[in-house]
Amino acid sequence: MYTQAMDLPTPAHEQIAARGPMTLTEREWQAQFDAKLDRGDFIEAKDWMPDAYRRTLVRQISQHAHSEIVGMLPEGNWITRAPSLKRKAILLAKVQDEGGHGLYLYAAAETLGTSRDEMLDALHTGRAKYSSIFNYPTLTWADIGVIGWLVDGAAIMNQVPLCRCSYGPYARAMIRICKEESFHQRQGFESLLVLMRGTQAQRDMVQDAVNRWWWPSLMMFGPPDGESTNGGDSMKWGIKRIGNDALRQKFVDATVEQAKVLGVSLPDPDLRWNEARGHWDFGPIDWDEFKAVVGGHGPCNKERLATRVKAWNDGAWVRDAALAHARKREAREQRAAA
Ligand code: FAQ
C-alpha cells in the first residue's frame with residue numbers, strides 16, 4: 001500500500017536462516033546484541049534484535065507518531081483564529097512541524113517491519129494509544145501559548161534523552177524533532193509573555209489556561225515508575241534513559257522558575273521547594289483522570305479519533321491518485337528501458 005518509507009527490511013537473522021543453517025545460535029545473537037548495548041553502539045534496522053525489543057520499539061515509536069499527528073488537532077483548531085498574521089504564520093509552521101515529526105516517526109517504526117497502514121489501522125480502530133494530553137480542548141487563544149510552553153516543554157524534557165536511544169533510526173529522528181520542539185516551546189513562552197504584559201483580561205485568560213493544562217502536562221510523562229509496565233525493560237535496553245518520575249521532576253523544577261518569570265501561578269497548593277531533596281515537591285496527580293483519558297473517556301477522545309478517521313477517508317482519493325501516478329511512471333520507465 002501507499003507509503004513514503006523504504007521497503008521493509010527482512011531482519012538479519014531471517015536472511016541468514018534463509019541462506020542455510022545458522023552458524024550462530026540465538027544465544028550468541030543475544031550476546032552480540034547485549035555487547036552492542038554495553039558499548040553504547042546503536043542497534044540498526046537490519047541487526048538481530050530480541051522480538052520483545054522490536055515490539056516495544058514499534059509500540060513506543062508508533063504511539064509517539066500518532067501523538068504528533070493527533071497533536072496537530074488542538075492547535076490546528078486555532079489557525080483561522082490566530083490574533084495576527086505573525087501568530088498565524090508561527091502556528092501554521094508549528095502544526096506543520098508536528099505533521100513532519102509524525103512522518104519521520106512512522107518511517108522509523110517501519111524500519112522495524114511494521115507497515116504504516118498497520119499502524120494507522122491500529123490508531124483508527126482505537127487499538128493504539130496516543131498521548132493523553134491531546135484529549136483536552138483548546139478553549140481560548142492562551143491555550144495555544146500554554147501548549148507551546150507546557151506541552152512542548154514536557155515533550156522536550158521527555159524526548160531529549162531519546163536522542164540517545166539505543167535504536168539508531170529512532171535516535172536520529174529525535175535529534176531534528178527536539179530542535180523543532182525547542183522552537184515550539186520558546187514561541188509558546190514568548191506568546192504568553194506578550195499576553196501577560198497586556199490587559200488584566202489577557203492575564204486572566206493565561207492563568208485560566210495554565211490552571212487547566214498544568215496537571216494534564218504532568219501526566220504526559222506516564223504513570224509513576226512503580227506502575228510503569230514497560231519502563232524496566234525499556235531502561236534495560238537503553239530505549240528510555242531516564243524514568244517517568246525523574247523526568248516529571250525535572251520538568252516541574254524547570255517550569256516553576258519559568259512561571260515566576262511569566263508571573264503566573266501554578267495550580268498546586270503543595271508546590272514548595274524542598275531544600276533536602278534539592279527539588280520542588282508537588283501535590284498528588286489524579287491518576288484516575290489519567291486512566292480515564294487513556295482509556296478513551298477524556299473530554300475530546302471521540303472527537304479526535306473521528307477527525308483523524310474522516311481525514312484518512314477523505315484523503316483516499318489522493319493516495320489512490322499517487323499510486324496510479326507511480327504505477328504509470330514505473331510502466332513508462334520500464335518501456336523506455338526495454
Ligand atoms: N498518554 O509503561 P509505561 C508531543 C501508557 S509528543 C497515553 O510507563 P512507556 C509533541 C503507555 O503507553 C507526546 N498513554 O510506558 C507535541 C503504556 O501503555 P501500553 C508523546 C500513556 O512507554 C507537542 C502504559 O501507559 N510523546 O507532545 C501515557 O515506558 C505539542 C504504561 O506506561 C511520546 O510518545 C500518556 N501520557 O512510557 C505535538 C514520547 N503515558 O503501551 C503536538 C515517546 C504512558 O503498554 C503539540 N514515548 N502511557 O499499552 C515515551 O517516552 C514513553 O512511551 C512514555 C511512556 C514516557 C510516554
# chains A, B, ... in the order shown; residues from 1 in each chain; ligands from 1

call {"tool": "residues_around", "arguments": {"residues": "A:Arg203", "least_positions_apart": "3", "cutoff": "10 Å", "atoms": "only C-alpha atoms", "output": "VMD selection string"}}
result
chain A and resid 142 192 to 200 206 to 209 262 to 264

call {"tool": "write_last_selection", "arguments": {"atoms": "N, CA, C and O atoms", "output": "short mmCIF file (atom, residue, chain, number, x, y, z; two decimals), in the first residue's frame"}}
result
data_model
loop_
_atom_site.label_atom_id
_atom_site.label_comp_id
_atom_site.auth_asym_id
_atom_site.auth_seq_id
_atom_site.Cartn_x
_atom_site.Cartn_y
_atom_site.Cartn_z
N ALA A 142 -5.08 31.74 24.67
CA ALA A 142 -3.99 31.49 25.63
C ALA A 142 -3.63 30.01 25.68
O ALA A 142 -2.49 29.64 25.98
N LEU A 192 2.98 33.88 25.58
CA LEU A 192 2.38 34.10 26.89
C LEU A 192 2.94 35.37 27.55
O LEU A 192 2.21 36.12 28.21
N LEU A 193 4.24 35.60 27.33
CA LEU A 193 4.87 36.79 27.91
C LEU A 193 4.17 38.05 27.38
O LEU A 193 3.88 38.98 28.13
N VAL A 194 3.87 38.05 26.08
CA VAL A 194 3.18 39.21 25.47
C VAL A 194 1.80 39.36 26.10
O VAL A 194 1.40 40.47 26.47
N LEU A 195 1.08 38.26 26.27
CA LEU A 195 -0.26 38.35 26.86
C LEU A 195 -0.18 38.84 28.31
O LEU A 195 -1.00 39.64 28.77
N MET A 196 0.84 38.36 29.05
CA MET A 196 0.97 38.75 30.46
C MET A 196 1.32 40.23 30.62
O MET A 196 1.09 40.82 31.68
N ARG A 197 1.89 40.82 29.56
CA ARG A 197 2.19 42.26 29.61
C ARG A 197 1.03 43.08 29.06
O ARG A 197 1.14 44.29 28.87
N GLY A 198 -0.08 42.42 28.74
CA GLY A 198 -1.24 43.10 28.15
C GLY A 198 -2.25 43.53 29.20
O GLY A 198 -1.88 44.00 30.28
N THR A 199 -3.51 43.29 28.93
CA THR A 199 -4.58 43.74 29.83
C THR A 199 -4.83 42.71 30.93
O THR A 199 -4.37 41.55 30.83
N GLN A 200 -5.61 43.10 31.93
CA GLN A 200 -5.97 42.16 33.01
C GLN A 200 -6.74 40.97 32.43
O GLN A 200 -6.54 39.83 32.84
N VAL A 206 -4.62 33.77 30.47
CA VAL A 206 -3.42 32.92 30.58
C VAL A 206 -3.51 32.07 31.85
O VAL A 206 -3.28 30.85 31.82
N GLN A 207 -3.88 32.71 32.95
CA GLN A 207 -3.93 31.97 34.22
C GLN A 207 -4.93 30.81 34.13
O GLN A 207 -4.67 29.70 34.59
N ASP A 208 -6.07 31.10 33.50
CA ASP A 208 -7.10 30.06 33.36
C ASP A 208 -6.56 28.89 32.52
O ASP A 208 -6.77 27.72 32.85
N ALA A 209 -5.83 29.22 31.46
CA ALA A 209 -5.28 28.15 30.61
C ALA A 209 -4.23 27.34 31.38
O ALA A 209 -4.19 26.11 31.29
N LEU A 262 7.08 34.50 34.05
CA LEU A 262 5.82 34.87 33.38
C LEU A 262 4.89 35.65 34.31
O LEU A 262 4.08 36.45 33.86
N GLY A 263 4.97 35.33 35.60
CA GLY A 263 4.04 35.97 36.56
C GLY A 263 2.73 35.21 36.67
O GLY A 263 1.71 35.78 37.03
N VAL A 264 2.75 33.90 36.38
CA VAL A 264 1.55 33.09 36.59
C VAL A 264 1.78 32.18 37.80
O VAL A 264 2.92 31.88 38.15
#

call {"tool": "closest_atom_pairs", "arguments": {"of": "chain A", "to": "ligand 1", "cutoff": "7 Å", "atoms": "only C-alpha atoms and all ligand atoms", "output": "JSON lines"}}
result
{"residue": "A:Arg59", "atom": "CA", "partner": "ligand 1", "partner_atom_place_in_ligand_line": "41 (O)", "distance": 6.0}
{"residue": "A:Gln60", "atom": "CA", "partner": "ligand 1", "partner_atom_place_in_ligand_line": "53 (O)", "distance": 4.8}
{"residue": "A:Ile61", "atom": "CA", "partner": "ligand 1", "partner_atom_place_in_ligand_line": "43 (C)", "distance": 6.5}
{"residue": "A:Gln63", "atom": "CA", "partner": "ligand 1", "partner_atom_place_in_ligand_line": "34 (O)", "distance": 5.6}
{"residue": "A:His64", "atom": "CA", "partner": "ligand 1", "partner_atom_place_in_ligand_line": "34 (O)", "distance": 3.4}
{"residue": "A:Ser67", "atom": "CA", "partner": "ligand 1", "partner_atom_place_in_ligand_line": "20 (C)", "distance": 5.2}
{"residue": "A:Glu68", "atom": "CA", "partner": "ligand 1", "partner_atom_place_in_ligand_line": "38 (C)", "distance": 4.4}
{"residue": "A:Gly71", "atom": "CA", "partner": "ligand 1", "partner_atom_place_in_ligand_line": "42 (C)", "distance": 3.8}
{"residue": "A:Met72", "atom": "CA", "partner": "ligand 1", "partner_atom_place_in_ligand_line": "42 (C)", "distance": 5.4}
{"residue": "A:Glu98", "atom": "CA", "partner": "ligand 1", "partner_atom_place_in_ligand_line": "38 (C)", "distance": 5.5}
{"residue": "A:Lys129", "atom": "CA", "partner": "ligand 1", "partner_atom_place_in_ligand_line": "14 (N)", "distance": 5.8}
{"residue": "A:Tyr130", "atom": "CA", "partner": "ligand 1", "partner_atom_place_in_ligand_line": "7 (C)", "distance": 5.2}
{"residue": "A:Ser131", "atom": "CA", "partner": "ligand 1", "partner_atom_place_in_ligand_line": "1 (N)", "distance": 3.5}
{"residue": "A:Ser132", "atom": "CA", "partner": "ligand 1", "partner_atom_place_in_ligand_line": "1 (N)", "distance": 3.7}
{"residue": "A:Ile133", "atom": "CA", "partner": "ligand 1", "partner_atom_place_in_ligand_line": "36 (N)", "distance": 6.5}
{"residue": "A:Ile147", "atom": "CA", "partner": "ligand 1", "partner_atom_place_in_ligand_line": "30 (C)", "distance": 6.2}
{"residue": "A:Gly148", "atom": "CA", "partner": "ligand 1", "partner_atom_place_in_ligand_line": "30 (C)", "distance": 6.5}
{"residue": "A:Val151", "atom": "CA", "partner": "ligand 1", "partner_atom_place_in_ligand_line": "30 (C)", "distance": 5.4}
{"residue": "A:Asp152", "atom": "CA", "partner": "ligand 1", "partner_atom_place_in_ligand_line": "23 (C)", "distance": 4.5}
{"residue": "A:Ala155", "atom": "CA", "partner": "ligand 1", "partner_atom_place_in_ligand_line": "27 (O)", "distance": 4.6}
{"residue": "A:Asn158", "atom": "CA", "partner": "ligand 1", "partner_atom_place_in_ligand_line": "51 (O)", "distance": 5.9}
{"residue": "A:Gln159", "atom": "CA", "partner": "ligand 1", "partner_atom_place_in_ligand_line": "39 (C)", "distance": 6.0}
{"residue": "A:Met219", "atom": "CA", "partner": "ligand 1", "partner_atom_place_in_ligand_line": "36 (N)", "distance": 5.5}
{"residue": "A:Met220", "atom": "CA", "partner": "ligand 1", "partner_atom_place_in_ligand_line": "36 (N)", "distance": 3.5}
{"residue": "A:Phe221", "atom": "CA", "partner": "ligand 1", "partner_atom_place_in_ligand_line": "56 (C)", "distance": 4.8}
{"residue": "A:Gly222", "atom": "CA", "partner": "ligand 1", "partner_atom_place_in_ligand_line": "40 (N)", "distance": 3.2}
{"residue": "A:Pro223", "atom": "CA", "partner": "ligand 1", "partner_atom_place_in_ligand_line": "8 (O)", "distance": 5.5}
{"residue": "A:Asp225", "atom": "CA", "partner": "ligand 1", "partner_atom_place_in_ligand_line": "8 (O)", "distance": 6.7}
{"residue": "A:Glu227", "atom": "CA", "partner": "ligand 1", "partner_atom_place_in_ligand_line": "31 (C)", "distance": 6.9}
{"residue": "A:Ser228", "atom": "CA", "partner": "ligand 1", "partner_atom_place_in_ligand_line": "2 (O)", "distance": 3.6}
{"residue": "A:Thr229", "atom": "CA", "partner": "ligand 1", "partner_atom_place_in_ligand_line": "2 (O)", "distance": 3.8}
{"residue": "A:Asn230", "atom": "CA", "partner": "ligand 1", "partner_atom_place_in_ligand_line": "2 (O)", "distance": 3.6}
{"residue": "A:Gly231", "atom": "CA", "partner": "ligand 1", "partner_atom_place_in_ligand_line": "29 (O)", "distance": 4.1}
{"residue": "A:Ser234", "atom": "CA", "partner": "ligand 1", "partner_atom_place_in_ligand_line": "29 (O)", "distance": 6.3}
{"residue": "A:Lys240", "atom": "CA", "partner": "ligand 1", "partner_atom_place_in_ligand_line": "51 (O)", "distance": 6.8}
{"residue": "A:Asn244", "atom": "CA", "partner": "ligand 1", "partner_atom_place_in_ligand_line": "56 (C)", "distance": 5.8}
{"residue": "A:Val294", "atom": "CA", "partner": "ligand 1", "partner_atom_place_in_ligand_line": "7 (C)", "distance": 5.1}

call {"tool": "write_last_selection", "arguments": {"atoms": "N, CA and C atoms", "output": "short mmCIF file (atom, residue, chain, number, x, y, z; two decimals), in the first residue's frame"}}
result
data_model
loop_
_atom_site.label_atom_id
_atom_site.label_comp_id
_atom_site.auth_asym_id
_atom_site.auth_seq_id
_atom_site.Cartn_x
_atom_site.Cartn_y
_atom_site.Cartn_z
N ARG A 59 5.79 -0.29 19.50
CA ARG A 59 4.74 0.25 20.38
C ARG A 59 5.02 1.71 20.71
N GLN A 60 6.23 1.99 21.17
CA GLN A 60 6.52 3.37 21.61
C GLN A 60 6.61 4.33 20.42
N ILE A 61 7.32 3.92 19.36
CA ILE A 61 7.52 4.86 18.25
C ILE A 61 6.19 5.14 17.54
N GLN A 63 3.17 4.96 18.86
CA GLN A 63 2.36 5.82 19.74
C GLN A 63 2.85 7.26 19.69
N HIS A 64 4.16 7.39 19.63
CA HIS A 64 4.75 8.73 19.55
C HIS A 64 4.31 9.40 18.25
N SER A 67 0.82 10.46 18.39
CA SER A 67 0.66 11.65 19.26
C SER A 67 0.95 12.92 18.48
N GLU A 68 1.97 12.86 17.63
CA GLU A 68 2.31 14.05 16.84
C GLU A 68 1.16 14.39 15.88
N GLY A 71 -1.84 15.35 17.77
CA GLY A 71 -1.46 16.60 18.43
C GLY A 71 -1.58 17.83 17.53
N MET A 72 -1.74 17.60 16.22
CA MET A 72 -1.94 18.75 15.32
C MET A 72 -3.36 19.34 15.51
N GLU A 98 4.70 19.43 13.43
CA GLU A 98 4.19 18.24 14.14
C GLU A 98 3.87 17.14 13.12
N LYS A 129 -2.51 3.63 21.25
CA LYS A 129 -2.59 4.80 22.14
C LYS A 129 -1.95 6.01 21.46
N TYR A 130 -2.27 7.17 21.97
CA TYR A 130 -1.54 8.40 21.67
C TYR A 130 -1.58 9.21 22.96
N SER A 131 -0.76 10.26 23.04
CA SER A 131 -0.60 10.93 24.33
C SER A 131 -1.93 11.48 24.86
N SER A 132 -2.14 11.21 26.15
CA SER A 132 -3.34 11.66 26.85
C SER A 132 -3.60 13.16 26.67
N ILE A 133 -2.54 13.93 26.54
CA ILE A 133 -2.67 15.40 26.57
C ILE A 133 -3.54 15.93 25.44
N ILE A 147 0.13 25.49 25.42
CA ILE A 147 0.56 24.21 24.81
C ILE A 147 2.04 24.31 24.45
N GLY A 148 2.44 25.44 23.84
CA GLY A 148 3.86 25.60 23.50
C GLY A 148 4.73 25.52 24.75
N VAL A 151 3.20 21.91 27.11
CA VAL A 151 3.12 20.61 26.42
C VAL A 151 4.40 20.35 25.62
N ASP A 152 4.84 21.36 24.85
CA ASP A 152 6.11 21.16 24.14
C ASP A 152 7.26 21.10 25.14
N ALA A 155 7.27 17.71 26.35
CA ALA A 155 7.70 16.83 25.25
C ALA A 155 9.23 16.86 25.11
N ASN A 158 11.05 14.98 27.86
CA ASN A 158 10.95 13.54 27.68
C ASN A 158 11.75 13.05 26.46
N GLN A 159 11.89 13.94 25.46
CA GLN A 159 12.42 13.47 24.18
C GLN A 159 13.92 13.68 24.00
N MET A 219 0.92 14.58 33.58
CA MET A 219 0.54 13.19 33.25
C MET A 219 1.22 12.70 31.98
N MET A 220 1.67 13.63 31.13
CA MET A 220 2.30 13.22 29.87
C MET A 220 3.48 12.26 30.08
N PHE A 221 4.15 12.38 31.24
CA PHE A 221 5.35 11.56 31.49
C PHE A 221 5.02 10.11 31.79
N GLY A 222 3.72 9.82 31.89
CA GLY A 222 3.33 8.43 32.14
C GLY A 222 3.15 8.14 33.61
N PRO A 223 2.70 6.93 33.94
CA PRO A 223 2.41 6.58 35.34
C PRO A 223 3.67 6.61 36.20
N ASP A 225 6.81 5.37 38.33
CA ASP A 225 7.71 4.26 37.94
C ASP A 225 7.19 2.90 38.42
N GLU A 227 4.34 1.80 38.55
CA GLU A 227 3.24 1.28 37.71
C GLU A 227 3.59 1.32 36.22
N SER A 228 4.83 1.64 35.92
CA SER A 228 5.26 1.74 34.51
C SER A 228 5.58 0.33 34.01
N THR A 229 4.64 -0.26 33.29
CA THR A 229 4.78 -1.67 32.90
C THR A 229 5.94 -1.90 31.95
N ASN A 230 6.23 -0.91 31.12
CA ASN A 230 7.30 -1.08 30.12
C ASN A 230 8.64 -0.50 30.55
N GLY A 231 8.58 0.34 31.61
CA GLY A 231 9.76 1.13 31.97
C GLY A 231 11.00 0.30 32.23
N SER A 234 12.49 -1.11 29.03
CA SER A 234 12.95 -0.02 28.16
C SER A 234 14.25 0.60 28.69
N LYS A 240 14.58 3.93 26.88
CA LYS A 240 14.40 5.06 27.79
C LYS A 240 15.69 5.21 28.58
N ASN A 244 10.07 7.75 34.20
CA ASN A 244 8.95 8.69 34.14
C ASN A 244 8.99 9.72 35.29
N VAL A 294 -6.73 7.92 29.06
CA VAL A 294 -6.03 6.93 28.24
C VAL A 294 -7.01 5.83 27.81
#

call {"tool": "residues_around", "arguments": {"residues": "A:Gln187", "least_positions_apart": "6", "cutoff": "9 Å", "atoms": "only C-alpha atoms", "output": "list in words"}}
result
Ile90, Gly145, Gly148 and Trp149 of chain A

call {"tool": "atom_distance", "arguments": {"atom1": "atom CA of A:Leu247", "atom2": "atom CA of A:Met235"}}
result
13.2 Å

call {"tool": "select_by_dssp", "arguments": {"residues": "stretch 109-169 of chain A", "states": "alpha helix (DSSP H)", "output": "list in words"}}
result
Ala109, Glu110, Arg116, Asp117, Glu118, Met119, Leu120, Asp121, Ala122, Leu123, His124, Trp141, Ala142, Asp143, Ile144, Gly145, Val146, Gly153, Ala154, Ala155, Ile156, Met157, Asn158, Gln159, Gly168 and Pro169 of chain A

call {"tool": "closest_residue", "arguments": {"among": "A:Lys94, A:His184, A:Arg241, A:Arg212", "to": "A:Val160", "atoms": "only C-alpha atoms"}}
result
A:Arg241

call {"tool": "atom_distance", "arguments": {"atom1": "atom CA of A:Ala154", "atom2": "atom CA of A:Lys310"}}
result
29.1 Å

call {"tool": "residues_around", "arguments": {"residues": "stretch 30-45 of chain A", "least_positions_apart": "2", "cutoff": "6 Å", "atoms": "only C-alpha atoms", "output": "PyMOL selection string"}}
result
chain A and resi 27-28+47+111+166-168

call {"tool": "closest_residue", "arguments": {"among": "A:Gln249, A:Ser191, A:Thr307, A:Thr56", "to": "A:Leu91", "atoms": "only C-alpha atoms"}}
result
A:Ser191

call {"tool": "atom_distance", "arguments": {"atom1": "atom CA of A:Asp320", "atom2": "atom CA of A:Leu92"}}
result
26.8 Å

call {"tool": "closest_residue", "arguments": {"among": "A:Glu190, A:Asp143, A:Asp121, A:Asp288", "to": "A:Trp214", "atoms": "only C-alpha atoms"}}
result
A:Asp143

call {"tool": "closest_residue", "arguments": {"among": "A:Gly232, A:Pro267, A:Pro161, A:Gly102", "to": "A:Val70", "atoms": "only C-alpha atoms"}}
result
A:Gly102

call {"tool": "decode", "arguments": {"residues": "stretch 199-230 of chain A", "atoms": "N, CA and C atoms", "output": "CSV table (one decimal), in the first residue's frame"}}
result
chain,number,residue,atom,x,y,z
A,199,THR,N,-3.5,43.3,28.9
A,199,THR,CA,-4.6,43.7,29.8
A,199,THR,C,-4.8,42.7,30.9
A,200,GLN,N,-5.6,43.1,31.9
A,200,GLN,CA,-6.0,42.2,33.0
A,200,GLN,C,-6.7,41.0,32.4
A,201,ALA,N,-7.6,41.3,31.4
A,201,ALA,CA,-8.4,40.2,30.8
A,201,ALA,C,-7.4,39.1,30.2
A,202,GLN,N,-6.4,39.6,29.6
A,202,GLN,CA,-5.4,38.7,28.9
A,202,GLN,C,-4.7,37.9,30.0
A,203,ARG,N,-4.3,38.6,31.0
A,203,ARG,CA,-3.6,37.8,32.1
A,203,ARG,C,-4.5,36.8,32.7
A,204,ASP,N,-5.8,37.1,32.9
A,204,ASP,CA,-6.7,36.1,33.5
A,204,ASP,C,-6.9,34.9,32.5
A,205,MET,N,-6.9,35.2,31.2
A,205,MET,CA,-7.0,34.2,30.2
A,205,MET,C,-5.8,33.2,30.3
A,206,VAL,N,-4.6,33.8,30.5
A,206,VAL,CA,-3.4,32.9,30.6
A,206,VAL,C,-3.5,32.1,31.9
A,207,GLN,N,-3.9,32.7,33.0
A,207,GLN,CA,-3.9,32.0,34.2
A,207,GLN,C,-4.9,30.8,34.1
A,208,ASP,N,-6.1,31.1,33.5
A,208,ASP,CA,-7.1,30.1,33.4
A,208,ASP,C,-6.6,28.9,32.5
A,209,ALA,N,-5.8,29.2,31.5
A,209,ALA,CA,-5.3,28.2,30.6
A,209,ALA,C,-4.2,27.3,31.4
A,210,VAL,N,-3.4,28.0,32.1
A,210,VAL,CA,-2.4,27.3,32.9
A,210,VAL,C,-3.0,26.4,33.9
A,211,ASN,N,-4.1,26.9,34.6
A,211,ASN,CA,-4.8,26.1,35.6
A,211,ASN,C,-5.3,24.8,34.9
A,212,ARG,N,-5.8,24.9,33.7
A,212,ARG,CA,-6.4,23.7,33.0
A,212,ARG,C,-5.3,22.7,32.5
A,213,TRP,N,-4.1,23.3,32.0
A,213,TRP,CA,-3.2,22.4,31.4
A,213,TRP,C,-2.1,21.9,32.3
A,214,TRP,N,-1.9,22.4,33.5
A,214,TRP,CA,-0.8,22.0,34.3
A,214,TRP,C,-0.8,20.6,34.7
A,215,TRP,N,-1.9,20.1,35.2
A,215,TRP,CA,-1.9,18.7,35.7
A,215,TRP,C,-1.9,17.7,34.5
A,216,PRO,N,-2.6,17.9,33.4
A,216,PRO,CA,-2.5,17.0,32.3
A,216,PRO,C,-1.1,17.0,31.7
A,217,SER,N,-0.3,18.1,31.8
A,217,SER,CA,1.0,18.1,31.3
A,217,SER,C,1.9,17.2,32.2
A,218,LEU,N,1.7,17.2,33.5
A,218,LEU,CA,2.5,16.3,34.3
A,218,LEU,C,2.2,14.8,34.0
A,219,MET,N,0.9,14.6,33.6
A,219,MET,CA,0.5,13.2,33.3
A,219,MET,C,1.2,12.7,32.0
A,220,MET,N,1.7,13.6,31.1
A,220,MET,CA,2.3,13.2,29.9
A,220,MET,C,3.5,12.3,30.1
A,221,PHE,N,4.1,12.4,31.2
A,221,PHE,CA,5.3,11.6,31.5
A,221,PHE,C,5.0,10.1,31.8
A,222,GLY,N,3.7,9.8,31.9
A,222,GLY,CA,3.3,8.4,32.1
A,222,GLY,C,3.2,8.1,33.6
A,223,PRO,N,2.7,6.9,33.9
A,223,PRO,CA,2.4,6.6,35.3
A,223,PRO,C,3.7,6.6,36.2
A,224,PRO,N,3.5,6.6,37.5
A,224,PRO,CA,4.7,6.5,38.4
A,224,PRO,C,5.5,5.3,38.1
A,225,ASP,N,6.8,5.4,38.3
A,225,ASP,CA,7.7,4.3,37.9
A,225,ASP,C,7.2,2.9,38.4
A,226,GLY,N,6.6,2.9,39.6
A,226,GLY,CA,6.1,1.6,40.2
A,226,GLY,C,5.0,1.0,39.3
A,227,GLU,N,4.3,1.8,38.5
A,227,GLU,CA,3.2,1.3,37.7
A,227,GLU,C,3.6,1.3,36.2
A,228,SER,N,4.8,1.6,35.9
A,228,SER,CA,5.3,1.7,34.5
A,228,SER,C,5.6,0.3,34.0
A,229,THR,N,4.6,-0.3,33.3
A,229,THR,CA,4.8,-1.7,32.9
A,229,THR,C,5.9,-1.9,31.9
A,230,ASN,N,6.2,-0.9,31.1
A,230,ASN,CA,7.3,-1.1,30.1
A,230,ASN,C,8.6,-0.5,30.6
